[in-house]
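K.L.:
Structure: protein.cif, mmCIF, C-alpha atoms.
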```cif
data_final
loop_
_atom_site.label_atom_id
_atom_site.label_comp_id
_atom_site.auth_asym_id
_atom_site.auth_seq_id
_atom_site.Cartn_x
_atom_site.Cartn_y
_atom_site.Cartn_z
CA MET G 686 -11.67 28.72 -15.95
CA PRO G 687 -13.49 27.05 -13.06
CA GLN G 688 -11.33 25.93 -10.14
CA GLN G 689 -12.36 22.29 -10.67
CA VAL G 690 -11.00 22.24 -14.23
CA GLU G 691 -7.80 23.98 -13.13
CA ARG G 692 -7.25 21.35 -10.43
CA GLU G 693 -7.91 18.51 -12.88
CA GLN G 694 -5.43 19.93 -15.38
CA LEU G 695 -2.79 20.65 -12.75
CA TRP G 696 -3.25 17.19 -11.25
CA GLN G 697 -2.74 15.49 -14.62
CA GLN G 698 0.36 17.61 -15.27
CA LEU G 699 1.76 16.59 -11.89
CA VAL G 700 1.04 12.91 -12.44
CA ASP G 701 2.73 13.05 -15.86
CA GLN G 702 5.74 15.03 -14.62
CA ILE G 703 6.36 12.93 -11.53
CA GLY G 704 5.78 9.72 -13.47
CA ALA G 705 8.42 10.76 -16.00
CA GLU G 706 10.85 11.74 -13.23
CA TYR G 707 10.26 8.45 -11.42
CA HIS G 708 10.96 6.33 -14.49
CA GLN G 709 14.25 8.19 -15.08
CA LEU G 710 15.56 7.41 -11.59
CA GLU G 711 18.35 4.93 -10.94
CA VAL G 712 17.14 1.46 -9.95
CA SER G 713 18.59 1.93 -6.46
CA GLU G 714 16.51 5.08 -5.94
CA ARG G 715 13.33 3.40 -7.19
CA THR G 716 14.09 0.51 -4.81
CA TRP G 717 14.40 2.94 -1.88
CA ILE G 718 11.05 4.48 -2.86
CA GLN G 719 9.36 1.11 -3.12
CA LYS G 720 10.67 -0.12 0.23
CA THR G 721 9.71 3.13 1.95
CA CYS G 722 6.25 3.13 0.36
CA ASP G 723 5.80 -0.47 1.47
CA ARG G 724 6.58 0.64 5.03
CA ILE G 725 3.95 3.37 4.73
CA SER G 726 1.36 0.86 3.50
CA CYS G 727 2.13 -1.54 6.33
CA VAL G 728 1.77 1.08 9.07
CA GLN G 729 -1.36 2.47 7.45
CA GLU G 730 -2.95 -0.98 7.35
CA ARG G 731 -2.29 -1.31 11.07
CA LEU G 732 -3.88 2.11 11.68
CA ASP G 733 -6.88 1.03 9.65
CA GLN G 734 -7.30 -2.07 11.81
CA LEU G 735 -7.61 0.19 14.85
CA PHE G 736 -9.97 2.52 12.97
CA ARG G 737 -12.20 -0.47 12.19
CA ARG G 738 -11.99 -1.67 15.79
CA GLY G 739 -13.44 1.73 16.75
CA ASP G 740 -16.40 1.12 14.42
CA GLY G 741 -14.91 3.62 12.00
CA LEU G 742 -16.73 2.36 8.92
CA ARG G 743 -20.15 2.88 10.46
CA GLN G 744 -19.15 6.16 12.10
CA CYS G 745 -17.92 7.56 8.78
CA GLN G 746 -21.00 6.31 6.96
CA ASP G 747 -23.23 8.02 9.54
CA CYS G 748 -21.51 11.40 9.22
CA ARG G 749 -20.99 10.97 5.44
CA GLY G 750 -17.33 11.93 5.51
CA ASP G 751 -17.42 15.43 6.97
CA CYS G 752 -13.69 15.20 7.66
CA CYS G 753 -13.12 14.42 3.96
CA ALA G 754 -13.95 18.00 2.95
CA LEU G 755 -11.14 19.74 1.08
CA GLY G 756 -9.35 16.46 0.49
CA HIS G 757 -8.06 17.73 -2.84
CA ASN G 758 -4.98 18.94 -0.96
CA HIS G 759 -4.10 15.68 0.77
CA LEU G 760 -2.36 13.46 -1.82
CA THR G 761 1.38 13.86 -1.38
CA LEU G 762 4.42 12.90 -3.39
CA ALA G 763 4.79 9.77 -1.26
CA ASN G 764 1.22 8.74 -2.10
CA LEU G 765 1.74 9.14 -5.83
CA LEU G 766 5.09 7.33 -5.64
CA LEU G 767 3.36 4.42 -3.91
CA PHE G 768 1.18 3.93 -6.98
CA LEU G 769 4.12 4.36 -9.36
CA SER G 770 6.38 1.99 -7.41
CA GLN G 771 3.70 -0.71 -7.32
CA ASP G 772 2.74 -0.09 -10.96
CA VAL G 773 -0.86 0.44 -9.85
CA ARG G 774 -3.16 2.85 -11.60
CA LEU G 775 -4.42 5.74 -9.49
CA PRO G 776 -8.23 6.01 -9.50
CA THR G 777 -9.75 8.85 -11.47
CA LEU G 778 -10.08 11.85 -9.19
CA ASP G 779 -13.35 13.81 -9.11
CA PHE G 780 -12.49 17.40 -8.23
CA SER G 781 -16.17 18.37 -8.12
CA SER G 782 -16.49 16.30 -4.92
CA THR G 783 -15.54 17.56 -1.45
CA CYS G 784 -12.69 15.06 -1.71
CA PRO G 785 -11.66 13.88 -5.18
CA LEU G 786 -11.13 10.38 -3.77
CA LEU G 787 -14.53 10.08 -2.12
CA GLY G 788 -16.87 7.84 -4.09
CA THR G 789 -20.45 6.89 -3.43
CA ARG G 790 -19.28 3.98 -1.26
CA GLY G 791 -16.51 5.81 0.59
CA CYS G 792 -12.83 6.33 -0.13
CA LEU G 793 -11.61 5.00 -3.47
CA LEU G 794 -8.22 4.11 -2.00
CA ALA G 795 -7.29 1.12 0.08
CA ALA G 796 -6.10 2.00 3.58
CA GLY G 797 -2.45 1.43 2.67
CA GLN G 798 -2.73 3.92 -0.21
CA ARG G 799 -4.47 6.81 1.55
CA PRO G 800 -2.87 10.16 2.26
CA TYR G 801 -1.34 10.71 5.69
CA ASN G 802 -4.02 13.21 6.78
CA CYS G 803 -6.78 10.71 5.99
CA ILE G 804 -5.36 7.61 7.63
CA SER G 805 -3.89 9.31 10.71
CA PHE G 806 -7.06 11.06 11.86
CA LEU G 807 -9.44 9.71 14.48
CA CYS G 808 -12.52 11.77 15.21
CA ASP G 809 -14.00 11.73 18.71
CA ARG G 810 -16.78 9.40 17.59
CA ILE G 811 -14.27 6.71 16.65
CA GLU G 812 -11.75 7.33 19.41
CA ASP G 813 -14.52 7.00 22.02
CA GLN G 814 -15.21 3.46 20.77
CA LEU G 815 -11.61 2.31 21.34
CA GLN G 816 -9.92 0.97 24.44
CA LYS G 817 -7.29 3.26 25.97
CA SER G 818 -4.53 0.85 24.89
CA ASP G 819 -5.82 0.97 21.28
CA VAL G 820 -5.81 4.78 21.30
CA GLU G 821 -2.25 4.78 22.62
CA CYS G 822 -1.23 2.27 19.94
CA PHE G 823 -2.91 4.36 17.25
CA TYR G 824 -0.95 7.47 18.18
CA LEU G 825 2.34 5.57 18.41
CA LEU G 826 1.72 4.23 14.90
CA GLU G 827 0.75 7.73 13.73
CA LYS G 828 4.08 9.05 15.03
CA GLU G 829 5.94 6.27 13.19
CA LEU G 830 4.00 7.00 10.01
CA ARG G 831 4.70 10.73 10.20
CA ALA G 832 8.43 9.95 10.50
CA ILE G 833 8.32 7.82 7.35
CA TYR G 834 6.48 10.53 5.39
CA ARG G 835 9.07 13.03 6.66
CA MET G 836 11.75 10.88 5.02
CA PHE G 837 10.27 11.89 1.64
CA ALA G 838 10.09 15.53 2.73
CA ASP G 839 13.73 15.46 3.79
CA ARG G 840 14.87 13.66 0.63
CA TYR G 841 12.99 15.24 -2.30
CA ALA G 842 12.20 18.82 -3.34
CA GLY G 843 8.53 17.91 -3.78
CA GLY G 844 8.31 15.65 -0.77
CA SER G 845 6.61 17.88 1.77
CA MET G 846 3.80 16.82 4.08
CA SER G 847 1.57 19.17 2.06
CA GLY G 848 -0.42 17.78 -0.81
CA LEU G 849 0.87 17.90 -4.36
CA LEU G 850 -1.52 20.65 -5.46
CA LEU G 851 -0.14 22.92 -2.74
CA THR G 852 3.44 21.83 -3.36
CA ALA G 853 3.06 22.67 -7.06
CA LYS G 854 2.64 26.33 -6.16
CA ARG G 855 5.95 26.27 -4.31
CA LEU G 856 7.93 24.32 -6.90
CA ARG G 857 6.50 26.02 -10.03
CA GLY G 858 7.44 23.20 -12.42
CA GLN G 859 10.78 22.30 -10.84
CA PRO G 860 11.60 18.60 -10.45
CA TYR G 861 9.78 16.91 -7.58
CA LEU G 862 12.29 14.09 -7.23
CA LYS G 863 15.36 16.31 -7.06
CA ARG G 864 17.38 15.10 -4.08
CA ILE G 865 17.69 17.84 -1.49
CA ASP G 866 19.44 15.71 1.11
CA LEU G 867 22.63 15.53 -0.96
CA CYS G 868 23.26 19.28 -1.20
#
```
In structure tokens, what does this structure look like?
P.N.:
Amino acid sequence: MPQQVEREQLWQQLVDQIGAEYHQLEVSERTWIQKTCDRISCVQERLDQLFRRGDGLRQCQDCRGDCCALGHNHLTLANLLLFLSQDVRLPTLDFSSTCPLLGTRGCLLAAGQRPYNCISFLCDRIEDQLQKSDVECFYLLEKELRAIYRMFADRYAGGSMSGLLLTAKRLRGQPYLKRIDLC
């Protein structure tokens, strides 16, 4: 079976499994997820403002998303939970593309929805366009964002900083939302 088809099938299994787990959670746990995902979105929007200030849209368009290669490993549990907690449908992923979220007009996700690796990266082309104070701000926000993503990694069995397709190999069907911080 081609790798693309395997990824598509595994991805759909993960979405279904995690969706079912999420809907079985206590309201208080879903509230924690929603508030934490909202924090992620807020910080990511601020990072995107700096990215745009560095002429990021044009820079990415010029290089055609070279840094997006192998993006099939970037979506994490936190990213999927963001969609579930906001009751927003995840775009259809195209695993034949270098990044399954890369469409003809760029990323299919809004800045607040993107995986950590995607939103927290500044290539030299973009960083060179920013003022020193903006670069410093970007990396302070990146540190804050990493800490929030780590909260998922410290709380849930499937919450690592690695993407869900990689995490699936480690968990082998075990619950993703099993609390590991209570053991």
K.L.:
Taking into account all atoms listed in the file, which residue in the set G:Arg774, G:Lys817, G:His759, G:Lys863 is nearest to G:Pro800?
P.N.:
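The answer is G:His759, which sits nearest to G:Pro800.
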K.L.:
From the set G:Cys822, G:Cys808, G:Met846, G:Ile833, which residue has the shortest atom-to-atom contact distance to G:Cys745, counting all atoms listed in the file?
P.N.:
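Looking at the shortest contact to G:Cys745, the residue is G:Cys808.
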K.L.:
Taking the file above as input, evaluate the PyMOL selection byres ((chain G and resi 753) around 12) and report the hits as a short mmCIF file (atom, residue, chain, number, x, y, z; two decimals) with C-alpha atoms, in the coordinates of the input.
P.N.:
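Resulting contents of out-v5.cif:
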```
data_model
loop_
_atom_site.label_atom_id
_atom_site.label_comp_id
_atom_site.auth_asym_id
_atom_site.auth_seq_id
_atom_site.Cartn_x
_atom_site.Cartn_y
_atom_site.Cartn_z
CA CYS G 745 -17.92 7.56 8.78
CA GLN G 746 -21.00 6.31 6.96
CA CYS G 748 -21.51 11.40 9.22
CA ARG G 749 -20.99 10.97 5.44
CA GLY G 750 -17.33 11.93 5.51
CA ASP G 751 -17.42 15.43 6.97
CA CYS G 752 -13.69 15.20 7.66
CA ALA G 754 -13.95 18.00 2.95
CA LEU G 755 -11.14 19.74 1.08
CA GLY G 756 -9.35 16.46 0.49
CA HIS G 757 -8.06 17.73 -2.84
CA ASN G 758 -4.98 18.94 -0.96
CA HIS G 759 -4.10 15.68 0.77
CA SER G 782 -16.49 16.30 -4.92
CA THR G 783 -15.54 17.56 -1.45
CA CYS G 784 -12.69 15.06 -1.71
CA PRO G 785 -11.66 13.88 -5.18
CA LEU G 786 -11.13 10.38 -3.77
CA LEU G 787 -14.53 10.08 -2.12
CA GLY G 788 -16.87 7.84 -4.09
CA GLY G 791 -16.51 5.81 0.59
CA CYS G 792 -12.83 6.33 -0.13
CA ARG G 799 -4.47 6.81 1.55
CA PRO G 800 -2.87 10.16 2.26
CA ASN G 802 -4.02 13.21 6.78
CA CYS G 803 -6.78 10.71 5.99
CA ILE G 804 -5.36 7.61 7.63
CA PHE G 806 -7.06 11.06 11.86
CA CYS G 808 -12.52 11.77 15.21
#
```
K.L.:
Dump as a tab-separated table the rows for residues of stretch 803-835 of chain G within 6 Å of stretch 717-740 of chain G: closest atom pair and distance in Å with one decimal, all atoms listed in the file counted, ordered by chain and rising residue number.
P.N.:
```
residue	atom	partner	partner_atom	distance
G:Ile811	CA	G:Gly739	CA	5.0
G:Gln814	CA	G:Gly739	CA	4.7
G:Leu815	CA	G:Gly739	CA	5.0
```
K.L.:
Under the PyMOL selection byres ((chain G and resi 715) around 12), which residues of this model are included? Write them out as a list in words.
P.N.:
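So the PyMOL selection byres ((chain G and resi 715) around 12), applied here, picks out Gly704, Glu706, Tyr707, His708, Gln709, Leu710, Glu711, Val712, Ser713, Glu714, Thr716, Trp717, Ile718, Gln719, Lys720, Thr721, Cys722, Leu766, Leu767, Leu769, Ser770, Gln771, Asp772 and Leu862 of chain G.
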K.L.:
What is the atom CA of G:Phe780-atom CA of G:Leu762 distance in Å, reported with one decimal?
P.N.:
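The value is 18.2 Å.
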K.L.:
Please determine, counting only C-alpha atoms, which residue among G:Gly844, G:Pro687, G:Pro776, G:Gly741 has the shortest atom-to-atom distance to G:Ala763.
P.N.:
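Closest to G:Ala763, using only C-alpha atoms: G:Gly844.
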K.L.:
Could you tell me how far atom CA of G:Leu778 lies from atom CA of G:Glu693, in Å and to one decimal?
P.N.:
7.9 Å
K.L.:
Could you rebuild stretch 785-807 of chain G with N, CA, C and O atoms and give me the result as a CSV table (one decimal), in the coordinates of the input?
P.N.:
```
chain,number,residue,atom,x,y,z
G,785,PRO,N,-11.7,14.5,-3.9
G,785,PRO,CA,-11.7,13.9,-5.2
G,785,PRO,C,-11.5,12.4,-5.1
G,785,PRO,O,-11.7,11.7,-6.1
G,786,LEU,N,-11.3,11.8,-3.9
G,786,LEU,CA,-11.1,10.4,-3.8
G,786,LEU,C,-12.3,9.8,-3.1
G,786,LEU,O,-12.3,8.6,-2.7
G,787,LEU,N,-13.3,10.6,-2.8
G,787,LEU,CA,-14.5,10.1,-2.1
G,787,LEU,C,-15.6,9.7,-3.1
G,787,LEU,O,-16.1,10.5,-3.9
G,788,GLY,N,-15.8,8.4,-3.2
G,788,GLY,CA,-16.9,7.8,-4.1
G,788,GLY,C,-18.2,7.6,-3.4
G,788,GLY,O,-18.3,8.0,-2.2
G,789,THR,N,-19.1,7.1,-4.0
G,789,THR,CA,-20.4,6.9,-3.4
G,789,THR,C,-20.4,5.9,-2.3
G,789,THR,O,-21.3,5.9,-1.4
G,790,ARG,N,-19.4,5.0,-2.3
G,790,ARG,CA,-19.3,4.0,-1.3
G,790,ARG,C,-18.1,4.2,-0.3
G,790,ARG,O,-17.6,3.3,0.3
G,791,GLY,N,-17.6,5.5,-0.3
G,791,GLY,CA,-16.5,5.8,0.6
G,791,GLY,C,-15.2,6.1,-0.2
G,791,GLY,O,-15.3,6.4,-1.4
G,792,CYS,N,-14.1,6.0,0.5
G,792,CYS,CA,-12.8,6.3,-0.1
G,792,CYS,C,-12.5,5.3,-1.2
G,792,CYS,O,-12.7,4.1,-1.1
G,793,LEU,N,-12.0,5.8,-2.3
G,793,LEU,CA,-11.6,5.0,-3.5
G,793,LEU,C,-10.3,4.3,-3.3
G,793,LEU,O,-9.9,3.4,-4.0
G,794,LEU,N,-9.5,4.7,-2.2
G,794,LEU,CA,-8.2,4.1,-2.0
G,794,LEU,C,-8.3,3.1,-0.9
G,794,LEU,O,-9.0,3.3,0.1
G,795,ALA,N,-7.5,2.1,-1.0
G,795,ALA,CA,-7.3,1.1,0.1
G,795,ALA,C,-6.6,1.8,1.2
G,795,ALA,O,-5.9,2.8,1.0
G,796,ALA,N,-6.7,1.3,2.4
G,796,ALA,CA,-6.1,2.0,3.6
G,796,ALA,C,-4.6,2.2,3.4
G,796,ALA,O,-4.1,3.3,3.8
G,797,GLY,N,-3.9,1.3,2.8
G,797,GLY,CA,-2.4,1.4,2.7
G,797,GLY,C,-2.0,2.5,1.6
G,797,GLY,O,-0.9,2.8,1.5
G,798,GLN,N,-3.0,3.0,0.9
G,798,GLN,CA,-2.7,3.9,-0.2
G,798,GLN,C,-3.2,5.3,0.1
G,798,GLN,O,-2.8,6.3,-0.6
G,799,ARG,N,-3.9,5.5,1.2
G,799,ARG,CA,-4.5,6.8,1.6
G,799,ARG,C,-3.4,7.8,2.0
G,799,ARG,O,-2.4,7.5,2.5
G,800,PRO,N,-3.8,9.1,1.8
G,800,PRO,CA,-2.9,10.2,2.3
G,800,PRO,C,-2.7,10.1,3.8
G,800,PRO,O,-3.6,9.7,4.5
G,801,TYR,N,-1.6,10.7,4.3
G,801,TYR,CA,-1.3,10.7,5.7
G,801,TYR,C,-2.5,11.3,6.5
G,801,TYR,O,-2.9,10.8,7.5
G,802,ASN,N,-3.0,12.5,6.0
G,802,ASN,CA,-4.0,13.2,6.8
G,802,ASN,C,-5.3,12.3,6.9
G,802,ASN,O,-6.0,12.5,7.9
G,803,CYS,N,-5.5,11.5,6.0
G,803,CYS,CA,-6.8,10.7,6.0
G,803,CYS,C,-6.7,9.5,6.9
G,803,CYS,O,-7.6,9.2,7.6
G,804,ILE,N,-5.5,8.9,6.9
G,804,ILE,CA,-5.4,7.6,7.6
G,804,ILE,C,-5.0,7.9,9.1
G,804,ILE,O,-5.1,7.0,10.0
G,805,SER,N,-4.4,9.0,9.4
G,805,SER,CA,-3.9,9.3,10.7
G,805,SER,C,-4.9,10.1,11.6
G,805,SER,O,-4.5,10.5,12.7
G,806,PHE,N,-6.1,10.3,11.1
G,806,PHE,CA,-7.1,11.1,11.9
G,806,PHE,C,-8.1,10.2,12.5
G,806,PHE,O,-8.7,9.3,11.8
G,807,LEU,N,-8.3,10.4,13.8
G,807,LEU,CA,-9.4,9.7,14.5
G,807,LEU,C,-10.3,10.8,15.0
G,807,LEU,O,-9.9,11.6,15.9
```
